[in-house]
file work_27.pdb (PDB, N, CA and C atoms and all ligand atoms)
MODEL        1
ATOM      1  N   MET G  14     -83.764  24.863 -32.345
ATOM      2  CA  MET G  14     -82.307  24.722 -32.325
ATOM      3  C   MET G  14     -81.733  25.197 -33.654
ATOM      4  N   ASP G  15     -81.323  26.423 -33.679
ATOM      5  CA  ASP G  15     -80.720  26.949 -34.895
ATOM      6  C   ASP G  15     -79.216  26.732 -34.877
ATOM      7  N   ASP G  16     -78.721  26.339 -36.007
ATOM      8  CA  ASP G  16     -77.279  26.242 -36.113
ATOM      9  C   ASP G  16     -76.714  27.597 -36.487
ATOM     10  N   ASP G  17     -75.956  28.127 -35.564
ATOM     11  CA  ASP G  17     -75.392  29.444 -35.804
ATOM     12  C   ASP G  17     -74.058  29.307 -36.514
ATOM     13  N   ASP G  18     -73.981  29.880 -37.690
ATOM     14  CA  ASP G  18     -72.756  29.739 -38.475
ATOM     15  C   ASP G  18     -71.692  30.749 -38.073
ATOM     16  N   VAL G  19     -72.085  31.692 -37.259
ATOM     17  CA  VAL G  19     -71.126  32.716 -36.858
ATOM     18  C   VAL G  19     -70.352  32.249 -35.641
ATOM     19  N   TRP G  20     -69.086  32.108 -35.822
ATOM     20  CA  TRP G  20     -68.246  31.678 -34.709
ATOM     21  C   TRP G  20     -67.658  32.917 -34.040
ATOM     22  N   GLU G  21     -67.904  33.009 -32.749
ATOM     23  CA  GLU G  21     -67.436  34.178 -32.040
ATOM     24  C   GLU G  21     -66.318  33.809 -31.078
ATOM     25  N   GLU G  22     -65.674  34.819 -30.592
ATOM     26  CA  GLU G  22     -64.571  34.617 -29.670
ATOM     27  C   GLU G  22     -65.069  34.124 -28.311
ATOM     28  N   ASP G  23     -66.348  34.336 -28.075
ATOM     29  CA  ASP G  23     -66.915  33.962 -26.785
ATOM     30  C   ASP G  23     -66.709  32.487 -26.525
ATOM     31  N   GLU G  24     -66.032  32.178 -25.435
ATOM     32  CA  GLU G  24     -65.685  30.792 -25.175
ATOM     33  C   GLU G  24     -66.849  29.996 -24.611
ATOM     34  N   ASP G  25     -67.896  30.670 -24.210
ATOM     35  CA  ASP G  25     -69.038  29.959 -23.649
ATOM     36  C   ASP G  25     -70.138  29.767 -24.677
ATOM     37  N   ASP G  26     -69.795  29.825 -25.928
ATOM     38  CA  ASP G  26     -70.793  29.726 -26.981
ATOM     39  C   ASP G  26     -70.989  28.271 -27.397
ATOM     40  N   ASP G  27     -71.962  27.622 -26.785
ATOM     41  CA  ASP G  27     -72.340  26.259 -27.156
ATOM     42  C   ASP G  27     -71.174  25.275 -27.066
ATOM     43  N   GLY G  28     -70.205  25.588 -26.255
ATOM     44  CA  GLY G  28     -69.085  24.666 -26.092
ATOM     45  C   GLY G  28     -68.081  24.733 -27.216
ATOM     46  N   TYR G  29     -68.319  25.626 -28.158
ATOM     47  CA  TYR G  29     -67.367  25.768 -29.252
ATOM     48  C   TYR G  29     -66.490  26.985 -29.028
ATOM     49  N   VAL G  30     -65.262  26.865 -29.425
ATOM     50  CA  VAL G  30     -64.358  28.012 -29.395
ATOM     51  C   VAL G  30     -63.605  28.056 -30.710
ATOM     52  N   SER G  31     -63.056  29.208 -31.000
ATOM     53  CA  SER G  31     -62.231  29.320 -32.191
ATOM     54  C   SER G  31     -60.805  28.920 -31.842
ATOM     55  N   CYS G  32     -60.236  28.121 -32.699
ATOM     56  CA  CYS G  32     -58.846  27.733 -32.485
ATOM     57  C   CYS G  32     -57.984  28.984 -32.472
ATOM     58  N   GLN G  33     -57.121  29.076 -31.487
ATOM     59  CA  GLN G  33     -56.302  30.285 -31.380
ATOM     60  C   GLN G  33     -55.171  30.271 -32.401
ATOM     61  N   TYR G  34     -54.997  29.175 -33.112
ATOM     62  CA  TYR G  34     -53.936  29.108 -34.109
ATOM     63  C   TYR G  34     -54.471  29.306 -35.523
ATOM     64  N   CYS G  35     -55.544  28.564 -35.875
ATOM     65  CA  CYS G  35     -56.044  28.655 -37.239
ATOM     66  C   CYS G  35     -57.425  29.297 -37.289
ATOM     67  N   GLY G  36     -58.081  29.472 -36.125
ATOM     68  CA  GLY G  36     -59.356  30.151 -36.079
ATOM     69  C   GLY G  36     -60.543  29.276 -36.423
ATOM     70  N   GLU G  37     -60.311  28.023 -36.705
ATOM     71  CA  GLU G  37     -61.403  27.117 -37.014
ATOM     72  C   GLU G  37     -62.168  26.776 -35.740
ATOM     73  N   PRO G  38     -63.467  26.584 -35.861
ATOM     74  CA  PRO G  38     -64.251  26.206 -34.683
ATOM     75  C   PRO G  38     -63.875  24.810 -34.203
ATOM     76  N   MET G  39     -63.832  24.680 -32.898
ATOM     77  CA  MET G  39     -63.484  23.383 -32.311
ATOM     78  C   MET G  39     -64.179  23.246 -30.979
ATOM     79  N   TYR G  40     -64.310  22.040 -30.521
ATOM     80  CA  TYR G  40     -64.914  21.807 -29.224
ATOM     81  C   TYR G  40     -64.000  22.320 -28.126
ATOM     82  N   GLU G  41     -64.580  23.121 -27.257
ATOM     83  CA  GLU G  41     -63.776  23.597 -26.137
ATOM     84  C   GLU G  41     -63.423  22.425 -25.221
ATOM     85  N   GLU G  42     -64.344  21.463 -25.149
ATOM     86  CA  GLU G  42     -64.136  20.302 -24.289
ATOM     87  C   GLU G  42     -62.863  19.560 -24.654
ATOM     88  N   SER G  43     -62.640  19.395 -25.954
ATOM     89  CA  SER G  43     -61.501  18.588 -26.383
ATOM     90  C   SER G  43     -60.192  19.317 -26.154
ATOM     91  N   GLY G  44     -60.215  20.650 -26.324
ATOM     92  CA  GLY G  44     -58.979  21.396 -26.173
ATOM     93  C   GLY G  44     -58.006  21.111 -27.306
ATOM     94  N   TYR G  45     -58.529  20.453 -28.321
ATOM     95  CA  TYR G  45     -57.655  20.046 -29.416
ATOM     96  C   TYR G  45     -58.290  20.436 -30.734
ATOM     97  N   CYS G  46     -57.539  21.112 -31.582
ATOM     98  CA  CYS G  46     -58.065  21.522 -32.873
ATOM     99  C   CYS G  46     -57.745  20.448 -33.900
ATOM    100  N   SER G  47     -58.791  19.883 -34.492
ATOM    101  CA  SER G  47     -58.564  18.826 -35.483
ATOM    102  C   SER G  47     -58.213  19.418 -36.833
ATOM    103  N   SER G  48     -58.388  20.727 -36.984
ATOM    104  CA  SER G  48     -58.076  21.367 -38.262
ATOM    105  C   SER G  48     -56.578  21.540 -38.441
ATOM    106  N   CYS G  49     -55.933  22.070 -37.427
ATOM    107  CA  CYS G  49     -54.488  22.279 -37.531
ATOM    108  C   CYS G  49     -53.729  21.326 -36.616
ATOM    109  N   GLU G  50     -54.495  20.454 -35.936
ATOM    110  CA  GLU G  50     -53.892  19.415 -35.096
ATOM    111  C   GLU G  50     -52.952  19.991 -34.048
ATOM    112  N   ARG G  51     -53.465  20.981 -33.352
ATOM    113  CA  ARG G  51     -52.656  21.565 -32.284
ATOM    114  C   ARG G  51     -53.485  21.632 -31.016
ATOM    115  N   TRP G  52     -52.814  21.463 -29.900
ATOM    116  CA  TRP G  52     -53.460  21.615 -28.612
ATOM    117  C   TRP G  52     -53.511  23.081 -28.261
ATOM    118  N   GLN G  53     -54.627  23.466 -27.672
ATOM    119  CA  GLN G  53     -54.744  24.831 -27.197
ATOM    120  C   GLN G  53     -53.978  24.949 -25.886
ATOM    121  N   THR G  54     -53.410  26.104 -25.678
ATOM    122  CA  THR G  54     -52.631  26.293 -24.466
ATOM    123  C   THR G  54     -53.560  26.539 -23.292
ATOM    124  N   ARG G  55     -54.080  25.439 -22.776
ATOM    125  CA  ARG G  55     -54.957  25.518 -21.621
ATOM    126  C   ARG G  55     -54.627  24.340 -20.715
ATOM    127  N   GLU G  56     -55.444  24.177 -19.692
ATOM    128  CA  GLU G  56     -55.232  23.065 -18.775
ATOM    129  C   GLU G  56     -55.461  21.727 -19.472
ATOM    130  N   ASP G  57     -56.143  21.781 -20.624
ATOM    131  CA  ASP G  57     -56.504  20.552 -21.310
ATOM    132  C   ASP G  57     -55.292  19.874 -21.928
ATOM    133  N   ARG G  58     -54.266  20.643 -22.138
ATOM    134  CA  ARG G  58     -53.082  20.097 -22.787
ATOM    135  C   ARG G  58     -52.520  18.950 -21.942
ATOM    136  N   PRO G  59     -52.231  17.851 -22.576
ATOM    137  CA  PRO G  59     -51.687  16.712 -21.831
ATOM    138  C   PRO G  59     -50.397  17.090 -21.127
ATOM    139  N   GLN G  60     -50.294  16.672 -19.900
ATOM    140  CA  GLN G  60     -49.113  17.026 -19.137
ATOM    141  C   GLN G  60     -48.271  15.788 -18.890
ATOM    142  N   LYS G  61     -46.996  15.990 -18.914
ATOM    143  CA  LYS G  61     -46.109  14.861 -18.676
ATOM    144  C   LYS G  61     -46.058  14.527 -17.198
ATOM    145  N   THR G  62     -46.215  15.560 -16.366
ATOM    146  CA  THR G  62     -46.211  15.326 -14.933
ATOM    147  C   THR G  62     -47.639  15.324 -14.420
ATOM    148  N   LEU G  63     -47.888  14.504 -13.432
ATOM    149  CA  LEU G  63     -49.226  14.432 -12.870
ATOM    150  C   LEU G  63     -49.537  15.703 -12.107
ATOM    151  N   PRO G  64     -50.814  16.055 -12.057
ATOM    152  CA  PRO G  64     -51.212  17.209 -11.243
ATOM    153  C   PRO G  64     -50.846  16.978  -9.787
ATOM    154  N   VAL G  65     -50.658  18.078  -9.070
ATOM    155  CA  VAL G  65     -50.205  17.990  -7.681
ATOM    156  C   VAL G  65     -51.186  17.201  -6.829
ATOM    157  N   TRP G  66     -52.486  17.437  -7.049
ATOM    158  CA  TRP G  66     -53.463  16.762  -6.187
ATOM    159  C   TRP G  66     -53.443  15.263  -6.399
ATOM    160  N   VAL G  67     -53.110  14.833  -7.605
ATOM    161  CA  VAL G  67     -53.009  13.390  -7.858
ATOM    162  C   VAL G  67     -51.843  12.809  -7.081
ATOM    163  N   MET G  68     -50.740  13.528  -7.103
ATOM    164  CA  MET G  68     -49.563  13.077  -6.378
ATOM    165  C   MET G  68     -49.858  13.006  -4.880
ATOM    166  N   LEU G  69     -50.503  14.053  -4.359
ATOM    167  CA  LEU G  69     -50.805  14.099  -2.931
ATOM    168  C   LEU G  69     -51.753  12.969  -2.550
ATOM    169  N   THR G  70     -52.774  12.757  -3.375
ATOM    170  CA  THR G  70     -53.724  11.685  -3.091
ATOM    171  C   THR G  70     -53.026  10.331  -3.107
ATOM    172  N   ALA G  71     -52.177  10.140  -4.091
ATOM    173  CA  ALA G  71     -51.441   8.883  -4.194
ATOM    174  C   ALA G  71     -50.544   8.694  -2.973
ATOM    175  N   LEU G  72     -49.891   9.768  -2.557
ATOM    176  CA  LEU G  72     -49.007   9.690  -1.397
ATOM    177  C   LEU G  72     -49.805   9.353  -0.140
ATOM    178  N   CYS G  73     -50.958   9.993   0.012
ATOM    179  CA  CYS G  73     -51.800   9.737   1.188
ATOM    180  C   CYS G  73     -52.252   8.287   1.210
ATOM    181  N   LEU G  74     -52.722   7.800   0.071
ATOM    182  CA  LEU G  74     -53.180   6.417  -0.010
ATOM    183  C   LEU G  74     -52.030   5.460   0.291
ATOM    184  N   LEU G  75     -50.865   5.773  -0.237
ATOM    185  CA  LEU G  75     -49.699   4.929  -0.016
ATOM    186  C   LEU G  75     -49.330   4.919   1.464
ATOM    187  N   ALA G  76     -49.367   6.123   2.063
ATOM    188  CA  ALA G  76     -49.032   6.236   3.478
ATOM    189  C   ALA G  76     -50.012   5.429   4.316
ATOM    190  N   ILE G  77     -51.300   5.551   4.017
ATOM    191  CA  ILE G  77     -52.322   4.800   4.760
ATOM    192  C   ILE G  77     -52.114   3.305   4.574
ATOM    193  N   PHE G  78     -51.829   2.917   3.370
ATOM    194  CA  PHE G  78     -51.625   1.508   3.060
ATOM    195  C   PHE G  78     -50.422   0.962   3.829
ATOM    196  N   VAL G  79     -49.318   1.702   3.777
ATOM    197  CA  VAL G  79     -48.099   1.256   4.471
ATOM    198  C   VAL G  79     -48.344   1.225   5.971
ATOM    199  N   TYR G  80     -49.031   2.250   6.476
ATOM    200  CA  TYR G  80     -49.318   2.319   7.908
ATOM    201  C   TYR G  80     -50.155   1.116   8.336
ATOM    202  N   GLY G  81     -51.177   0.830   7.536
ATOM    203  CA  GLY G  81     -52.041  -0.314   7.829
ATOM    204  C   GLY G  81     -51.268  -1.616   7.751
ATOM    205  N   ALA G  82     -50.412  -1.740   6.777
ATOM    206  CA  ALA G  82     -49.620  -2.965   6.609
ATOM    207  C   ALA G  82     -48.671  -3.152   7.788
ATOM    208  N   LEU G  83     -48.070  -2.068   8.244
ATOM    209  CA  LEU G  83     -47.134  -2.150   9.362
ATOM    210  C   LEU G  83     -47.885  -2.517  10.649
ATOM    211  N   ARG G  84     -49.075  -1.952  10.797
ATOM    212  CA  ARG G  84     -49.841  -2.218  12.016
ATOM    213  C   ARG G  84     -50.303  -3.668  12.075
ATOM    214  N   SER G  85     -50.487  -4.275  10.931
ATOM    215  CA  SER G  85     -51.012  -5.631  10.908
ATOM    216  C   SER G  85     -49.972  -6.653  11.377
ATOM    217  N   PHE G  86     -48.737  -6.216  11.428
ATOM    218  CA  PHE G  86     -47.711  -7.149  11.889
ATOM    219  C   PHE G  86     -47.765  -7.331  13.399
TER     220      PHE G  86
HETATM  221 ZN    ZN U 101     -56.557  25.061 -35.352
ENDMDL
END
call {"tool": "encode", "arguments": {"input": "work_27.pdb", "output": "structure tokens"}}
result
Amino acid sequence: MDDDDVWEEDEDDDGYVSCQYCGEPMYEESGYCSSCERWQTREDRPQKTLPVWVMLTALCLLAIFVYGALRSF
């Protein structure tokens, strides 16, 4: 296991990527550069709105729950 000091643009390099703002190496997993404290513009960025599939799943569960509750009467 050699530690490679050369940071490349390749995003699949050991899970590390170069920050697109300051160029410092950072974990691709985190999506967050601790050097310049900026989020990378990717899906990792925290979103204020929930993803669509979360909303749909929640709606489906709610619908099933309400349907079941109504049927129990
Ligand atoms: Zn940075």
call {"tool": "atom_distance", "arguments": {"input": "work_27.pdb", "atom1": "atom C of Tyr29 (chain G)", "atom2": "atom N of Ser47 (chain G)"}}
result
11.8 Å
call {"tool": "residues_near_ligand", "arguments": {"input": "work_27.pdb", "ligand": "ligand ZN 101 (chain U)", "cutoff": "7 Å", "atoms": "only C-alpha atoms and all ligand atoms", "output": "list in words"}}
result
Cys32, Gln33, Tyr34, Cys35, Gly36, Glu37, Cys46, Ser47, Ser48, Cys49, Glu50 and Arg51 of chain G
call {"tool": "closest_residue", "arguments": {"input": "work_27.pdb", "among": "G:Ser43, G:Thr62, G:Thr70, G:Ser85", "to": "Gly28 (chain G)", "atoms": "all atoms listed in the file"}}
result
G:Ser43
call {"tool": "atom_distance", "arguments": {"input": "work_27.pdb", "atom1": "CA of Leu75 (chain G)", "atom2": "CA of Leu63 (chain G)"}}
result
16.0 Å
call {"tool": "closest_residue", "arguments": {"input": "work_27.pdb", "among": "G:Asp27, G:Leu72, G:Phe86, G:Phe78", "to": "Tyr40 (chain G)", "atoms": "only N, CA and C atoms"}}
result
G:Asp27
call {"tool": "atom_distance", "arguments": {"input": "work_27.pdb", "atom1": "atom N of Lys61 (chain G)", "atom2": "atom N of Gly44 (chain G)"}}
result
15.9 Å
call {"tool": "axis_aligned_box", "arguments": {"input": "work_27.pdb", "around": "region 36-48 of chain G", "padding_each_side": "6 Å", "output": "JSON"}}
result
{"center_x": -60.7, "center_y": 24.4, "center_z": -31.4, "size_x": 20.3, "size_y": 23.6, "size_z": 26.2}
